[in-house]
>>> print(open('run11.cif').read())   # mmCIF, C-alpha atoms
data_query
#
loop_
_atom_site.label_atom_id
_atom_site.label_comp_id
_atom_site.auth_asym_id
_atom_site.auth_seq_id
_atom_site.Cartn_x
_atom_site.Cartn_y
_atom_site.Cartn_z
CA MET Q 1 220.66 11.35 -66.93
CA GLY Q 2 218.17 12.47 -69.58
CA SER Q 3 218.76 11.62 -73.24
CA ASP Q 4 217.51 13.11 -76.49
CA ASP Q 5 215.74 11.25 -79.28
CA GLU Q 6 219.04 10.13 -80.78
CA TYR Q 7 219.74 8.12 -77.64
CA ASP Q 8 216.15 7.25 -76.62
CA GLU Q 9 215.37 5.44 -79.86
CA GLN Q 10 218.11 2.92 -79.11
CA VAL Q 11 216.66 1.82 -75.81
CA GLU Q 12 214.95 -1.57 -75.81
CA GLU Q 13 212.08 -2.17 -73.40
CA VAL Q 14 213.07 -4.69 -70.75
CA GLU Q 15 211.01 -5.61 -67.75
CA GLU Q 16 212.76 -5.18 -64.42
CA GLU Q 17 211.54 -6.35 -61.02
CA GLU Q 18 211.12 -3.60 -58.45
CA VAL Q 19 212.57 -3.73 -54.98
CA GLU Q 20 209.97 -4.41 -52.36
CA GLU Q 21 209.34 -1.07 -50.72
CA GLU Q 22 208.22 -0.17 -47.24
CA PRO Q 23 206.03 2.84 -46.45
CA ALA Q 24 207.86 6.14 -46.21
CA ALA Q 25 208.39 7.39 -42.67
CA SER Q 26 207.40 10.88 -41.62
CA ASP Q 27 209.68 12.97 -39.43
CA GLU Q 28 207.40 12.31 -36.47
CA GLU Q 29 207.42 8.56 -37.03
CA HIS Q 30 211.21 8.60 -37.36
CA GLU Q 31 211.63 10.35 -34.00
CA GLU Q 32 209.71 7.56 -32.30
CA ASP Q 33 211.53 4.76 -34.13
CA THR Q 34 214.37 3.36 -32.04
CA THR Q 35 214.85 0.22 -34.15
CA LEU Q 36 217.00 1.67 -36.96
CA THR Q 37 220.03 -0.61 -36.99
CA ARG Q 38 222.96 -1.58 -39.17
CA PRO Q 39 223.40 -5.18 -40.32
CA PRO Q 40 225.51 -7.57 -38.23
CA ASP Q 41 229.27 -7.69 -38.66
CA GLU Q 42 229.40 -11.36 -39.56
CA ALA Q 43 229.21 -13.72 -42.51
CA LEU Q 44 225.65 -14.48 -43.60
CA ASP Q 45 224.48 -17.54 -45.53
CA TYR Q 46 222.67 -17.74 -48.82
CA ASP Q 47 219.97 -20.41 -49.01
CA VAL Q 48 221.84 -22.19 -51.78
CA VAL Q 49 224.40 -25.00 -51.97
CA TYR Q 50 226.84 -25.31 -54.86
CA GLU Q 51 228.61 -28.53 -55.88
CA ASP Q 52 231.90 -28.12 -57.73
CA GLU Q 53 233.34 -30.39 -60.42
CA GLU Q 54 235.05 -32.56 -57.79
CA GLY Q 55 231.79 -33.18 -55.95
CA ASN Q 56 232.57 -30.88 -53.01
CA THR Q 57 229.68 -28.82 -51.71
CA HIS Q 58 229.90 -25.14 -50.80
CA SER Q 59 227.46 -22.79 -49.13
CA PRO Q 60 228.03 -19.23 -50.35
CA GLN Q 61 228.23 -16.46 -47.77
CA TYR Q 62 228.34 -12.69 -47.87
CA ARG Q 63 229.09 -9.90 -45.41
CA TYR Q 64 227.88 -6.33 -45.18
CA SER Q 65 230.56 -3.66 -44.93
CA GLN Q 66 230.44 -1.72 -41.68
CA CYS Q 67 231.84 1.32 -43.59
CA THR Q 68 234.29 2.07 -40.77
CA GLY Q 69 237.38 2.10 -43.00
CA LYS Q 70 238.49 4.69 -45.53
CA LYS Q 71 235.99 6.58 -47.65
CA LYS Q 72 236.80 7.15 -51.30
CA ALA Q 73 234.68 8.43 -54.20
CA LEU Q 74 234.71 8.90 -57.97
CA PHE Q 75 232.20 11.28 -59.59
CA VAL Q 76 231.66 11.53 -63.35
CA GLY Q 77 229.42 14.27 -64.77
CA ILE Q 78 229.16 14.98 -68.50
CA ASN Q 79 227.13 17.77 -70.12
CA TYR Q 80 228.44 17.13 -73.68
CA PHE Q 81 228.93 20.83 -74.37
CA ASN Q 82 228.39 22.06 -77.95
CA SER Q 83 227.05 18.72 -79.14
CA SER Q 84 223.67 17.69 -80.53
CA SER Q 85 223.03 15.72 -77.34
CA GLU Q 86 224.03 18.41 -74.83
CA LEU Q 87 222.67 18.08 -71.30
CA ARG Q 88 222.42 20.73 -68.61
CA GLY Q 89 222.48 19.24 -65.14
CA CYS Q 90 225.05 16.43 -65.07
CA ILE Q 91 227.92 18.47 -63.69
CA ASN Q 92 225.58 19.98 -61.08
CA ASP Q 93 224.59 16.44 -60.08
CA VAL Q 94 228.08 15.27 -59.18
CA GLN Q 95 228.98 18.56 -57.53
CA ASN Q 96 225.84 18.40 -55.38
CA ILE Q 97 226.19 14.73 -54.42
CA SER Q 98 229.90 15.02 -53.63
CA ALA Q 99 229.29 18.08 -51.42
CA PHE Q 100 226.44 16.22 -49.69
CA LEU Q 101 228.63 13.21 -48.90
CA VAL Q 102 231.40 15.45 -47.54
CA GLU Q 103 229.00 17.44 -45.37
CA HIS Q 104 226.93 14.57 -44.00
CA HIS Q 105 228.67 11.21 -44.48
CA GLY Q 106 232.32 11.56 -43.56
CA PHE Q 107 233.91 11.83 -47.01
CA GLU Q 108 236.73 14.38 -47.23
CA TRP Q 109 237.88 16.64 -50.05
CA GLY Q 110 241.37 15.87 -51.22
CA GLU Q 111 243.18 12.78 -52.41
CA ASN Q 112 240.24 10.42 -51.77
CA ILE Q 113 237.72 12.26 -53.95
CA ARG Q 114 238.05 12.61 -57.71
CA LEU Q 115 235.64 14.58 -59.95
CA LEU Q 116 235.72 14.14 -63.72
CA THR Q 117 233.62 16.78 -65.52
CA ASP Q 118 233.75 18.18 -69.04
CA ASP Q 119 233.93 21.81 -67.93
CA GLN Q 120 237.51 21.37 -66.71
CA ASN Q 121 240.60 22.38 -68.69
CA ASP Q 122 242.95 19.89 -67.05
CA PRO Q 123 243.04 16.94 -69.51
CA ASP Q 124 243.46 14.48 -66.63
CA LEU Q 125 240.18 15.62 -65.08
CA ARG Q 126 237.99 15.42 -68.16
CA PRO Q 127 235.62 12.41 -68.38
CA THR Q 128 237.25 10.69 -71.35
CA ALA Q 129 237.00 6.91 -71.66
CA LYS Q 130 240.61 6.58 -70.53
CA ASN Q 131 240.20 8.85 -67.50
CA ILE Q 132 236.92 7.21 -66.43
CA MET Q 133 238.34 3.69 -66.54
CA GLU Q 134 241.58 4.72 -64.86
CA GLY Q 135 239.46 6.52 -62.25
CA MET Q 136 237.61 3.28 -61.59
CA MET Q 137 240.91 1.50 -61.02
CA TRP Q 138 242.05 4.32 -58.70
CA LEU Q 139 238.82 3.90 -56.72
CA VAL Q 140 239.17 0.18 -56.07
CA GLU Q 141 242.88 -0.66 -56.23
CA ASP Q 142 243.58 -0.24 -52.49
CA ALA Q 143 240.13 -1.31 -51.26
CA GLU Q 144 239.89 -3.24 -47.99
CA PRO Q 145 237.09 -4.86 -45.96
CA ASP Q 146 234.80 -2.30 -44.29
CA ASP Q 147 235.85 0.49 -46.65
CA SER Q 148 233.11 2.67 -48.15
CA LEU Q 149 233.56 3.46 -51.84
CA TRP Q 150 231.22 5.61 -53.92
CA PHE Q 151 230.75 5.89 -57.68
CA SER Q 152 228.40 8.43 -59.29
CA TYR Q 153 227.74 8.80 -63.00
CA SER Q 154 225.51 11.43 -64.58
CA GLY Q 155 225.43 11.62 -68.36
CA HIS Q 156 224.22 9.71 -71.40
CA GLY Q 157 223.84 5.96 -71.63
CA MET Q 158 222.74 3.70 -74.44
CA PRO Q 159 222.38 0.02 -75.34
CA VAL Q 160 224.90 -1.70 -77.62
CA ARG Q 161 225.05 -5.19 -79.10
CA ASP Q 162 225.94 -7.86 -76.53
CA GLU Q 163 229.17 -9.54 -77.63
CA ASP Q 164 229.39 -12.29 -75.01
CA GLY Q 165 225.84 -13.63 -74.71
CA ASP Q 166 225.27 -12.71 -71.07
CA GLU Q 167 222.26 -10.45 -71.71
CA ASP Q 168 218.77 -11.89 -72.22
CA ASP Q 169 217.79 -9.01 -74.50
CA GLY Q 170 220.94 -9.30 -76.63
CA GLN Q 171 222.20 -5.89 -75.58
CA ASP Q 172 224.80 -4.57 -73.18
CA GLU Q 173 224.32 -1.17 -71.61
CA CYS Q 174 227.06 1.42 -71.75
CA ILE Q 175 227.98 4.87 -70.54
CA CYS Q 176 229.11 7.51 -73.01
CA PRO Q 177 232.41 9.31 -72.29
CA CYS Q 178 232.82 12.90 -73.42
CA ASP Q 179 235.17 11.82 -76.23
CA MET Q 180 233.03 8.96 -77.55
CA ASP Q 181 232.15 10.73 -80.81
CA GLU Q 182 235.85 11.32 -81.49
CA THR Q 183 237.27 7.95 -80.44
CA GLY Q 184 234.31 5.59 -80.82
CA VAL Q 185 235.12 4.17 -77.37
CA TYR Q 186 232.31 3.54 -74.89
CA ILE Q 187 232.29 1.65 -71.58
CA THR Q 188 229.91 -1.30 -71.25
CA ASP Q 189 228.34 -2.72 -68.11
CA ASP Q 190 230.57 -5.81 -68.51
CA VAL Q 191 233.68 -3.63 -68.44
CA MET Q 192 232.39 -1.60 -65.47
CA HIS Q 193 231.70 -4.78 -63.53
CA HIS Q 194 235.18 -6.08 -64.29
CA LEU Q 195 236.84 -2.85 -63.16
CA LEU Q 196 234.61 -1.71 -60.31
CA VAL Q 197 233.17 -4.88 -58.79
CA LYS Q 198 235.30 -7.90 -59.61
CA THR Q 199 238.33 -6.25 -58.00
CA LEU Q 200 236.72 -5.68 -54.58
CA PRO Q 201 237.47 -7.71 -51.43
CA GLU Q 202 234.83 -9.34 -49.27
CA GLY Q 203 233.00 -6.95 -46.97
CA CYS Q 204 233.94 -3.81 -48.90
CA ARG Q 205 231.07 -1.46 -49.76
CA LEU Q 206 230.64 0.07 -53.17
CA THR Q 207 227.62 2.38 -53.44
CA VAL Q 208 226.67 3.36 -56.98
CA LEU Q 209 224.36 6.18 -58.13
CA MET Q 210 223.62 6.12 -61.87
CA ASP Q 211 221.57 9.07 -63.10
CA PHE Q 212 220.98 8.36 -66.76
CA SER Q 213 218.62 6.67 -69.18
CA THR Q 214 219.60 3.01 -68.89
CA PHE Q 215 219.12 0.65 -65.94
CA LEU Q 216 222.53 -0.89 -65.21
CA SER Q 217 221.59 -3.79 -62.95
CA SER Q 218 224.25 -5.97 -64.57
CA ILE Q 219 227.08 -3.74 -63.33
CA LEU Q 220 226.69 -5.68 -60.07
CA LEU Q 221 225.44 -9.22 -60.65
CA MET Q 222 222.76 -8.22 -60.58
CA ALA Q 223 219.27 -9.01 -59.30
CA PRO Q 224 216.86 -6.54 -57.72
CA ALA Q 225 217.18 -6.59 -53.95
CA SER Q 226 213.73 -8.11 -53.59
CA ASN Q 227 214.87 -11.27 -55.41
CA PRO Q 228 217.52 -12.95 -53.22
CA ASP Q 229 217.15 -16.26 -55.09
CA LEU Q 230 218.58 -14.75 -58.26
CA ALA Q 231 221.38 -13.08 -56.34
CA ALA Q 232 222.18 -16.36 -54.62
CA GLU Q 233 222.33 -18.20 -57.94
CA GLY Q 234 224.80 -15.63 -59.18
CA GLN Q 235 226.82 -15.78 -55.98
CA ALA Q 236 227.22 -19.54 -56.37
CA GLY Q 237 229.30 -18.78 -59.44
CA LEU Q 238 232.03 -17.46 -57.15
CA PHE Q 239 233.07 -21.05 -56.60
CA ILE Q 240 233.77 -21.62 -60.27
CA GLU Q 241 236.74 -19.29 -60.02
CA ARG Q 242 238.37 -18.45 -56.68
CA HIS Q 243 238.61 -14.75 -55.96
CA ASP Q 244 242.21 -13.60 -56.46
CA ARG Q 245 242.43 -9.81 -56.05
CA ASP Q 246 245.90 -9.47 -57.54
CA ALA Q 247 244.82 -11.37 -60.63
CA ALA Q 248 241.59 -9.35 -60.80
CA ILE Q 249 243.47 -6.05 -60.68
CA GLU Q 250 245.91 -7.17 -63.37
CA SER Q 251 243.05 -8.43 -65.55
CA ALA Q 252 241.23 -5.10 -65.12
CA ARG Q 253 244.28 -3.17 -66.33
CA GLU Q 254 244.52 -5.42 -69.39
CA VAL Q 255 240.82 -4.86 -70.13
CA ILE Q 256 241.33 -1.07 -70.09
CA GLU Q 257 244.00 -1.38 -72.78
CA GLN Q 258 241.77 -3.68 -74.83
CA VAL Q 259 238.84 -1.24 -74.66
CA LEU Q 260 240.98 1.75 -75.61
CA ASN Q 261 242.38 -0.24 -78.54
CA LYS Q 262 238.82 -1.20 -79.57
CA GLU Q 263 239.54 -4.87 -79.02
CA LYS Q 264 236.99 -7.26 -77.54
CA PRO Q 265 237.62 -7.26 -73.76
CA ASP Q 266 238.79 -10.58 -72.33
CA ILE Q 267 236.03 -10.96 -69.72
CA PRO Q 268 234.67 -14.44 -68.84
CA THR Q 269 230.87 -14.43 -68.88
CA TYR Q 270 230.50 -16.72 -65.87
CA THR Q 271 232.38 -14.51 -63.41
CA LYS Q 272 229.86 -11.66 -63.08
CA THR Q 273 229.64 -12.21 -59.35
CA SER Q 274 231.05 -10.45 -56.29
CA VAL Q 275 232.23 -11.17 -52.78
CA ALA Q 276 231.79 -7.48 -51.94
CA ASP Q 277 228.88 -5.45 -50.53
CA VAL Q 278 227.68 -3.61 -53.64
CA ILE Q 279 224.50 -1.51 -53.64
CA ALA Q 280 223.33 0.59 -56.59
CA PHE Q 281 220.64 3.16 -57.28
CA SER Q 282 219.66 3.62 -60.91
CA GLY Q 283 217.58 6.49 -62.24
CA CYS Q 284 214.89 4.51 -64.03
CA LEU Q 285 213.74 1.32 -65.75
CA ASP Q 286 215.17 0.40 -69.15
CA ASN Q 287 212.02 1.58 -70.91
CA GLN Q 288 212.05 4.97 -69.19
CA THR Q 289 214.02 8.20 -69.44
CA SER Q 290 215.95 9.64 -66.51
CA ALA Q 291 214.96 13.28 -66.68
CA ASP Q 292 217.22 16.27 -67.23
CA ALA Q 293 215.24 18.46 -64.85
CA GLN Q 294 214.95 21.89 -63.25
CA GLU Q 295 214.70 22.06 -59.45
CA ALA Q 296 214.95 25.28 -57.43
CA GLY Q 297 215.89 27.08 -60.64
CA LYS Q 298 218.91 24.87 -61.34
CA ALA Q 299 219.47 22.12 -63.89
CA THR Q 300 219.79 18.71 -62.26
CA GLY Q 301 219.19 15.03 -62.79
CA ALA Q 302 215.86 14.10 -61.25
CA VAL Q 303 217.11 11.10 -59.26
CA SER Q 304 220.22 12.91 -58.00
CA TRP Q 305 217.99 15.74 -56.77
CA ALA Q 306 215.57 13.30 -55.14
CA PHE Q 307 218.38 11.34 -53.49
CA LYS Q 308 219.89 14.40 -51.86
CA THR Q 309 216.48 15.84 -50.94
CA ALA Q 310 215.25 12.62 -49.31
CA LEU Q 311 218.33 12.24 -47.12
CA THR Q 312 218.52 15.93 -46.25
CA THR Q 313 214.89 15.88 -45.12
CA LEU Q 314 215.28 12.65 -43.16
CA PRO Q 315 218.96 11.84 -42.54
CA GLU Q 316 218.29 8.48 -40.88
CA GLN Q 317 215.97 6.10 -42.71
CA THR Q 318 215.97 2.53 -43.92
CA TRP Q 319 216.98 1.46 -47.40
CA GLY Q 320 213.35 0.59 -48.13
CA ALA Q 321 212.06 3.94 -46.89
CA LEU Q 322 214.69 5.75 -48.93
CA LEU Q 323 213.62 4.01 -52.12
CA GLN Q 324 209.97 4.78 -51.40
CA ASN Q 325 210.81 8.41 -50.67
CA LEU Q 326 212.65 8.68 -53.99
CA HIS Q 327 209.53 7.44 -55.74
CA THR Q 328 207.31 9.83 -53.76
CA LEU Q 329 209.45 12.85 -54.60
CA LEU Q 330 209.47 12.02 -58.30
CA GLU Q 331 206.00 10.64 -58.97
CA ASP Q 332 204.19 13.98 -59.24
CA LYS Q 333 206.66 15.41 -61.78
CA TYR Q 334 208.31 12.51 -63.62
CA THR Q 335 207.41 9.07 -64.94
CA GLN Q 336 210.70 7.40 -64.05
CA LYS Q 337 211.00 4.89 -61.22
CA PRO Q 338 214.38 4.67 -59.47
CA MET Q 339 215.63 1.14 -58.88
CA LEU Q 340 217.78 -0.44 -56.17
CA THR Q 341 219.94 -3.50 -56.83
CA THR Q 342 222.48 -5.34 -54.72
CA SER Q 343 225.17 -8.00 -54.98
CA HIS Q 344 223.53 -9.98 -52.17
CA PRO Q 345 220.13 -10.23 -50.48
CA LEU Q 346 219.48 -6.85 -48.86
CA ASP Q 347 217.26 -6.52 -45.82
CA THR Q 348 215.70 -3.16 -46.65
CA LYS Q 349 214.78 -2.65 -42.98
CA TYR Q 350 218.40 -1.86 -42.15
CA VAL Q 351 219.30 1.82 -41.95
CA PHE Q 352 220.93 3.54 -44.93
CA TYR Q 353 224.60 4.28 -44.31
CA VAL Q 354 227.76 4.75 -46.36
#
>>> encode(input="run11.cif", output="structure tokens")
Amino acid sequence: MGSDDEYDEQVEEVEEEEVEEEPAASDEEHEEDTTLTRPPDEALDYDVVYEDEEGNTHSPQYRYSQCTGKKKALFVGINYFNSSSELRGCINDVQNISAFLVEHHGFEWGENIRLLTDDQNDPDLRPTAKNIMEGMMWLVEDAEPDDSLWFSYSGHGMPVRDEDGDEDDGQDECICPCDMDETGVYITDDVMHHLLVKTLPEGCRLTVLMDFSTFLSSILLMAPASNPDLAAEGQAGLFIERHDRDAAIESAREVIEQVLNKEKPDIPTYTKTSVADVIAFSGCLDNQTSADAQEAGKATGAVSWAFKTALTTLPEQTWGALLQNLHTLLEDKYTQKPMLTTSHPLDTKYVFYV
């Protein structure tokens, strides 16, 4: 979400390509629109061919999740109470978004929803580095095709030095657990990809909402949804290493231990790809701040407020219309531009669903 000067001064300006948007639909236009559809339940081809070391050619494919399986969600909201970088609306964000998903999108309170917030006394429910990473593993460990998984983070983020050379700007992005000042442990985009994305099966949806001051496109592959060529190039890398879920889960658990021990995580740079259906909203561009705002008299993250407001006002709309509506809701009050990225080419004319 928003960050103070201590965090803002660390952010490097990086250009990001925006998703191609379609005009926002009014309520009246939506009532007349009978073309809102979900994507087909079949494998779709990238326009790319990959040749392996043995000379065999492969044509990468992907498949949208139909989101008809189980629904499971992890929400992380951190206000950093009694610190120099305290925020006000992060806990409200995850409480509001979780309640919205339960009320409108088929998620259910109980064993398939986990909230980590720093106003809780239970040590297992506080958003420490350990609990966040173990929560990520809990979210994905039993994932199956056509499941719908959700991950929300609202809190501070910052850039750190890139250790593996996979970032053009020389910096990884990270999220800041509530115990980071005490332990020195943060969670980079590389680690989040390894835990959240690399472990997923084909055709499983992971929807991500990141409301903070760094654009985490690389948590996915990631290229903006309007640039399928870049996504396809990344997807071709799947054929360098065959997707083995058991091995991915075991590797993810080892990475958690390495991070907690402040060791360099053993994450190959060429495997930042996914066979899953991963779609992420991020609060702003790298050179912008995701605002810690006030709406209806309550502290909130601007993009979390806009996301809930847009879908409450118009429950059925396309991905492209949703992105445009987020921009429209924010443009009169805030400078930030929400971004949408995917692990595969996304036809933004399909209806939003989770």
>>> closest_residue(input="run11.cif", among="Q:Asp147, Q:Asp124, Q:Glu86, Q:Asp347", to="Ala276 in chain Q", atoms="all atoms listed in the file")
Q:Asp147
>>> residues_near_point(input="run11.cif", point="(230.4, 4.2, -74.8)", cutoff="8 Å", atoms="all atoms listed in the file", output="PyMOL selection string")
chain Q and resi 129+157-158+174-177+180+184-188
>>> closest_residue(input="run11.cif", among="Q:Glu111, Q:Glu202, Q:Asp246, Q:Asp179", to="Glu144 in chain Q", atoms="only C-alpha atoms")
Q:Glu202
>>> closest_residue(input="run11.cif", among="Q:Lys72, Q:His344, Q:Lys337, Q:Lys308", to="Pro60 in chain Q", atoms="all atoms listed in the file")
Q:His344
>>> resolve_selection(input="run11.cif", expression="the PyMOL selection byres ((chain Q and resi 249-266) around 12)", output="VMD selection string")
chain Q and resid 128 to 143 162 to 164 177 179 to 180 183 to 201 243 to 248 267 to 269 271
>>> atom_distance(input="run11.cif", atom1="CA of Ala302 in chain Q", atom2="CA of Phe151 in chain Q")
17.4 Å
>>> residues_near_point(input="run11.cif", point="(225.7, -5.3, -38.6)", cutoff="12 Å", atoms="all atoms listed in the file", output="PyMOL selection string")
chain Q and resi 36-44+63-68+146+203+347+350-353
>>> atom_distance(input="run11.cif", atom1="CA of Gln336 in chain Q", atom2="CA of His156 in chain Q")
15.6 Å
>>> atom_distance(input="run11.cif", atom1="CA of Ser148 in chain Q", atom2="CA of Asp118 in chain Q")
26.0 Å
>>> residues_around(input="run11.cif", residues="Val76 in chain Q", least_positions_apart="6", cutoff="7 Å", atoms="all atoms listed in the file", output="PyMOL selection string")
chain Q and resi 94+115-117+127+152-154
>>> closest_residue(input="run11.cif", among="Q:Ala73, Q:Leu149, Q:Ile97, Q:Val354", to="Ser304 in chain Q", atoms="all atoms listed in the file")
Q:Ile97
>>> closest_residue(input="run11.cif", among="Q:Lys349, Q:His58, Q:Lys71, Q:His104", to="Leu206 in chain Q", atoms="all atoms listed in the file")
Q:Lys71
>>> axis_aligned_box(input="run11.cif", around="range 198-202 of chain Q", padding_each_side="5 Å", output="AutoDock Vina command-line options")
--center_x 236.6 --center_y -7.5 --center_z -54.4 --size_x 13.5 --size_y 13.7 --size_z 20.3
>>> closest_residue(input="run11.cif", among="Q:Glu103, Q:Glu53, Q:Asp93, Q:Asp181", to="Pro315 in chain Q", atoms="all atoms listed in the file")
Q:Glu103
>>> resolve_selection(input="run11.cif", expression="the PyMOL selection byres ((chain Q and resi 89) around 7)", output="JSON, numbers by chain")
{"Q": [79, 87, 88, 90, 91, 92, 93, 292, 299, 300, 301]}
>>> write_last_selection(input="run11.cif", atoms="C-alpha atoms", output="CSV table (one decimal), in the coordinates of the input")
chain,number,residue,atom,x,y,z
Q,79,ASN,CA,227.1,17.8,-70.1
Q,87,LEU,CA,222.7,18.1,-71.3
Q,88,ARG,CA,222.4,20.7,-68.6
Q,90,CYS,CA,225.0,16.4,-65.1
Q,91,ILE,CA,227.9,18.5,-63.7
Q,92,ASN,CA,225.6,20.0,-61.1
Q,93,ASP,CA,224.6,16.4,-60.1
Q,292,ASP,CA,217.2,16.3,-67.2
Q,299,ALA,CA,219.5,22.1,-63.9
Q,300,THR,CA,219.8,18.7,-62.3
Q,301,GLY,CA,219.2,15.0,-62.8
>>> resolve_selection(input="run11.cif", expression="the PyMOL selection byres ((chain Q and resi 323) around 8)", output="ChimeraX atom specification")
/Q:21,319-322,324-327,338-340
